[in-house]
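Accompanying notes for the structure given below.
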Amino acid sequence: MSIFASQQHGVVIDDIDARIEAQLEADRGKDLLRFSTAGSVDDGKSTLIGRLLYDSRNVYDDHVRAVTHNAAIDFAQLTDGLRAEREQGITIDVAYRYFSTAKRKFIIADTPGHEQYTRNMATGASTADVAIVLVDARKGILDQTRRHACIASLLGIPTVIAAVNKMDLVDFSQQVFEQHRRDLQSLAERLEIPELIAVPVSALEGDNIVNRSKRMPWYTGQSLLGLLETVPLAIERSHVALRFPVQRALRPHQDFRGFAGQIAAGTVRPGDEVVALPSGLRTRVRSITTWEGDLAEARAPQSVVLTLEDERDISRGEMIASASAPPHKTTRFEATVVWMQTKPLRPGATYLLKHTTQTVRASIVEIRSRIDMEHLGEAGAQQLALNDIGQVVIETSRPLLADIYRESRSTGSLILIDPADNATAGAAMIRVITDVVEGESSFARNTGALVTLGARQHIAAELEQALLDRGSLVLRTRSRAREALLAIASLGAVVLQESNATGPVLLSIADAEAAETHVLAAEQSDEIIYELQRLGAIPTGDPDNVHNTAR
Amino acid sequence: MTATVFADHPPTPKSLGVTPTASQRLNHIQLLEAESIHIIREVVTEFQNPVMLYSIGKDSSVMLRLAQKAFHPAPIPFPLLHIDTGYKFREMLEFRDRYTAELGVKLLIWRNEEALANGANPVQLGTQRCCGLLKTQALLDGLRAHGFDAAFGGARRDEEKSRAKERIFSFRDSAGQWDPKNQRPELWNLFNGRIGPRESIRVFPLSNWTELDIWHYIHLEKIPIVPLYLAKERRMLVRGDSLIPVEQPFVKGLPGEDQWVKCRLRSLGCSPCTGAIRSDADTVPKIIAELMEVRNSERANRIIDHDQDGSMEIKKREGYF
C-alpha cells in the first residue's frame, strides 16, 4: 500500500526496494509456530525433518552439498548435529531448527526417542504448540509412541499430529493407515489430548510431507506442512486473565517507578483494575511503557513495563494480576513432576523451586504415584528415578501465585533446582492447588539471614528500623560468633553484624545443610531489603501488608 | 499499512510496524523480541556482574537495541565487552567507538597483548591456533579479569549445527568450558541461573532468531550497522570463488589477484579470515532481497569454521562463543 501511495505522489522508488518492502510487509504478518518432533533412530524422524526443510526450500546449497553422496541426498544428515551423535548415529539432545513458508515461521524442537531421554522430550514439548509423533506404518503403535503421546499430553500440547511414516513399505495401503488411525484416536481419548490428526506419509520419498501424494488418492486431508500452516497457536487457546510476574522494578529517577515483566497470560490496558500479590494491594494500571512509547493495550507474551496509580514498591517475585480473576495463592499443591536427575526424588527432600520470577525453597511432602507411560497407568511409588514422571505433593517456603497448568502454562509450570550442585533436577506442572487461607501467617517459614555490614553504621541503623517496621525479628550486634549468629538467623531472624571491617555487604542464609553467602553490590538499605526478599529471608510486600497479614 | 485508531483511546504509536488491536495476533518479530527482552532482564536480576559481549556485527547491534528496550526508560545496567583480536576491520573499530559513545554505554576492550606482541597472526599460526589465542583465550581472560559471572552473546541457533543444541543459559565450568553432553534442561521460559564460585553462564538472547529476522529487525528499527555489510567497490584478493580483504600487510596476493570488486561482507570477523561476497546490495532491503535469493548459509564464507569437520563444536567446548 505504501508503495502505491508513494508512486501517486510522484516519488521515484527503487524497484528492488519497493518489491522488498512489500515482501517484508507480508513477512511481518506471519506468526510463529513451535512444534516438537520425537522418535527413535529407525522411525526416520531426522529424514522427515530433512525432507520437510528440503521440500519447502529451506536448506542452503552448501549444506545439501555436504550431505550428498553419489548424487543421493541423505536427508537425515541435514539435521543431525553434534560430532558425538554422528559417531553414534543417533540424536542425543534437543536440537532447534528454523524455517518459514509463505504463511508462517516455524521453530522445530527435535528430540530423541530413547527412553533415557524423556527429559529432552519434555524440554522440547514445554514450549510447543504442536507435537509430531512418528508411527512406523509397518509396526503401528509401540511403547514409545504411547510415551511420546503421553508426554505431549502432560506438557499440555493442544494438538498432536501423528505422522504414519514409511507408507511406501506397506504399498500405500489405506487399510493399514485406517487401522493405525483408529488406534491413535483411542489413544488420544485415553490421554485427553484435545486434538489428534493422523497423516499417512513417506519421509524418504516425500509423500504428503509438503506436497499431497499422488500415490495415496484415498487420503483427502492436508499434507503435514499444510496442517502445520493452519493449526492455531497454543497461547491463543488460553483464556486466563492478566498475569504479570514482576521481573524487576525500574526506578531511573524520582518521577518514574515502573515494573518490568513479560505478560504471562491475558491482556492489559491503562485503567484496568489490578491486584499486586501476595501483598493484595489493589490499584489501577496507569501506563504500559515501552521503548516505542506508551501502548493502549498489551497482551501475552509481550515484555513491557507497567506503571501503577499507587506509588508503592513491588519487587521481583510478586505478581500484578487481574483484580477480578486473580491467580491462586498457595504454599501446598500437587504437581506432575518429570524427574531429570540421576539422584532420585524422595519424600522429605528439599529443593529450590523457580516459578515465574520467584525462587523459593520447596520440600517434597509426598509422592502419590508414578506414571507408567507404556501402559498408561499409575502405580504407587516410593521415589521417582531419572526420566520418571509422577504425581507429587510439594510445599513451599513462600506462597506461589499460580494457576493450574492446563489453564495457564506459564503460571502453572515450575522447575526444581538441586541446591547441592545447582542442577535442574526436575520440571513440574501444577495439577491441584490448595489455597492459602487469608489471615494465616506464612512468614514464619522465611529463612532469616545474617547480614555482614562492617563499618556501615548508618545503614545498620536504617535497616534495623526498616525491618522493625516490617514486623521482622531483628538483632543488631558486634558479636563475631558467626556460627551462633547463623543459628539465630536460621530461626527466622535478620541478624545485622557490624564491625570495623571494610569490604562488601555479605548476606548469609543458614540452611539445614550449609550456609550460602551472597556478596551484595548494594549499598542502600532498600536495596538490601530487596535482596533479603528476593532470597526468601524475609516476606515480600510492603510494611502495611505484613502488618495486615499478621493481624 | 493503515493505523488503527481506538475509539476511546488516542492513536497508539507504531510498534514494530504493527498497531496492536484487540483482535490482532502478535507477529513473529514481536514474539522473538518479547522472548529476548525477558531473557536479558532475567540475567540482570539473577546475576551479580553481567556483561554483554559486543562484536560490532549485526547480531550485536540487535542485541544492544533489545537491551535498551528491556530497561527503558532506565539505562542499560551493564557494560559491553569487545574482544579485540587486533585484526578487526578498521571500519568496525571506528563504528564501535562512535556508536557506543553515542549511546552512552560503558565499553570495555580486551586484547591478548602478549600473543599480539609475539606476532600472532593466522598466516603464521594457522587459523585454529590464532583463534585459540586471540579469541578464545582473550575472551576467557577478559571475563576472568573483570569477574563477570554472566556474559551475553549474540549467537543464533540457525548459524551452525552445533549451535542448534545450545541452551539459552549455557553453563560454563570454572575453566569457562562447555560440555555438550551435560547441559541443564531448559523448559518453558524458566531459566536456572544458579552457579557456584568461579562458574559462569553464557546467555544467548537471540537463540531463536534467524539471519532474516535479524535483518528484518535492523530494517524496521533503523538500527545502525557497519558499512562493510553494504556493497561497494573494495580492494580484494580474488582467489577462485573467494574474495579476501586486503587490510593486513601479511595478506599478500599472487600476481593478478589484487582487484577492485563490488562486494560486501555477510558476517564480520577478522579481516584476514573473513571472505567477502560479490554483491550489488547497497541498502538493507537489497541485502534482504539477496538473502532471500542466496542459497549459501552465512558462515560458508568464514574460513575458520571449515578448518576441520565439526570445528565450531571443538571451539565451543574450549570456551569460544
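Identifiers in the C-alpha cells: chain A, B, ... in order shown; residue index from 1 per chain; ligand index from 1 in order shown.
Secondary structure by DSSP on the backbone puts the following residues of segment 158-277 of chain B in strand (DSSP E): B:Phe169, B:Ser170, B:Phe171, B:Arg172, B:Ser200, B:Ile201, B:Arg202, B:Val203, B:Lys232, B:Glu233, B:Arg234, B:Arg235, B:Met236, B:Leu237, B:Val238, B:Arg239, B:Ser242, B:Leu243, B:Ile244, B:Pro245, B:Asp258, B:Gln259, B:Trp260, B:Val261, B:Lys262, B:Cys263, B:Arg264, B:Ile277.
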Can you tell me which residues surround segment 333-346 of chain A at a distance of at most 6 Å, considering only C-alpha atoms, apart from same-chain residues fewer than 4 positions away, and format the answer as a short mmCIF file (atom, residue, chain, number, x, y, z; two decimals) with C-alpha atoms, in the first residue's frame?
```cif
data_model
loop_
_atom_site.label_atom_id
_atom_site.label_comp_id
_atom_site.auth_asym_id
_atom_site.auth_seq_id
_atom_site.Cartn_x
_atom_site.Cartn_y
_atom_site.Cartn_z
CA ARG A 119 13.76 -35.21 29.89
CA GLN A 383 10.60 -42.39 44.68
CA LEU A 384 10.95 -41.04 41.14
CA ALA A 385 14.08 -42.07 39.24
CA LEU A 386 15.71 -40.32 36.27
CA ASN A 387 13.16 -39.99 33.43
CA ASP A 388 10.24 -41.00 35.66
CA ILE A 389 7.07 -38.94 35.69
CA GLY A 390 4.81 -38.91 38.75
CA GLN A 391 2.28 -37.04 40.89
CA VAL A 392 3.93 -35.26 43.79
CA VAL A 393 2.75 -33.02 46.65
CA ILE A 394 5.03 -30.01 47.16
CA ALA A 425 16.64 -31.64 38.81
CA GLY A 426 13.05 -31.69 37.67
CA ALA A 427 10.21 -29.87 35.97
CA ALA A 428 6.63 -29.81 37.14
CA MET A 429 3.13 -28.94 36.01
CA ILE A 430 0.68 -27.89 38.75
CA ARG A 431 -2.50 -30.03 38.82
CA VAL A 432 -4.28 -29.36 42.11
CA ILE A 433 -3.91 -26.25 44.27
CA THR A 434 -4.63 -25.78 47.98
#
```
Q | For Ile209 of chain A: contacts at 9 Å, only C-alpha atoms, fewer than 5 positions along chain excluded, given as a VMD selection string | A | chain A and resid 48 51 to 52 55 201 to 203 223 to 226
Writing out the chosen residues with C-alpha atoms as a PDB file, in the first residue's frame:
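The new file out_0.pdb reads:
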```pdb
ATOM      1  CA  LEU A  48      11.235 -36.457   7.933  1.00  0.00           C
ATOM      2  CA  ARG A  51      12.579 -33.694   3.850  1.00  0.00           C
ATOM      3  CA  LEU A  52      10.298 -31.010   5.310  1.00  0.00           C
ATOM      4  CA  ASP A  55      10.885 -29.640   0.019  1.00  0.00           C
ATOM      5  CA  VAL A 201       3.481 -40.095   4.784  1.00  0.00           C
ATOM      6  CA  SER A 202       6.715 -41.353   3.310  1.00  0.00           C
ATOM      7  CA  ALA A 203       9.507 -39.090   4.528  1.00  0.00           C
ATOM      8  CA  SER A 223      -0.144 -32.618   3.824  1.00  0.00           C
ATOM      9  CA  LEU A 224       1.950 -32.431   7.001  1.00  0.00           C
ATOM     10  CA  LEU A 225       3.113 -28.911   6.134  1.00  0.00           C
ATOM     11  CA  GLY A 226      -0.433 -27.884   5.238  1.00  0.00           C
TER      12      GLY A 226
END
```
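Near segment 447-459 of chain A, within 7 Å and counting only C-alpha atoms, sit Glu462, Leu463, Leu485, Leu486, Ala489, Ser490, Leu491, Gly492, Ala493, Val494, Val495, Leu496, Gln497, Glu498, Ser499, Asn500, Ala501, Thr502, Val505, Leu506, Leu507, Ser508, Ile509, Ala510, Ser525, Gly536, Ala537 and Ile538 of chain A; same-chain residues fewer than 3 positions away were not included.
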Q. Neighbours of Glu114 of chain B within 12 Å (only C-alpha atoms; same-chain residues fewer than 2 positions away dropped), as an MDAnalysis selection string?
A. chainID B and resid 85:86 110:112 116:120 133:134 137:138 141
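You will find atom CA of Arg144 of chain B at 9.1 Å from atom CA of Gly176 of chain B.
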Q | Nearest-residue call for chain B, choices A:Glu483, A:Glu318, A:Glu516, A:Glu273, using only C-alpha atoms | A |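 Closest candidate: A:Glu516.
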Q: Fewer than 4 positions away in the same chain doesn't count, so skip those; otherwise give me all residues within 12 Å of Phe99 of chain A, counting only C-alpha atoms, as number ranges by chain.
A: A: 32-35, 49-50, 52-60, 103-109, 225, 228-229; B: 157-158, 208-213
Q: Report the residues of segment 203-280 of chain B whose backbone DSSP state falls under alpha helix (DSSP H), written as a PyMOL selection string.
A: chain B and resi 211-221
Q.
Taking only C-alpha atoms into account, name the residue in B:Pro197, B:Pro79, B:Pro224, B:Gly57 that is nearest to chain A.
A.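 For chain A, the nearest of the candidates is B:Pro197.
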Q) Can you tell me, as a PyMOL selection string, what residues are no more than 7 Å from segment 356-370 of chain A when counting only C-alpha atoms, ignoring any on the same chain fewer than 4 positions away? A) (chain A and resi 245-247+316-317+347-352+378-383+389-398+411+536) or (chain B and resi 190)
(Q) Between atom CA of Ala260 of chain A and atom CA of Arg194 of chain B, what distance in Å does the model show, to one decimal? (A)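 Interatomic distance here is 21.4 Å.
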Q: Counting only C-alpha atoms, figure out which residue out of B:Glu186, B:Glu33, B:Glu159, B:Asp258 gets nearest to Met63 of chain B.
A: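 Nearest to Met63 of chain B: B:Glu33.
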Q. Nearest to chain A: which of B:Asp84, B:Glu94, B:Asp280, B:Glu166 is it, counting only C-alpha atoms?
A.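 When distances to chain A are compared using only C-alpha atoms, the smallest one comes from B:Glu166.
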Q) Which of these residues is nearest to chain B, using only C-alpha atoms: A:Phe75, A:Phe259, A:Tyr96, A:Phe172? A)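 Between A:Phe75, A:Phe259, A:Tyr96, A:Phe172, the residue approaching chain B most closely is A:Tyr96.
Proximity of A:Asp136, A:Glu309, A:Asp255, A:Asp17 to His219 of chain B, computed with only C-alpha atoms, is greatest for A:Asp17.
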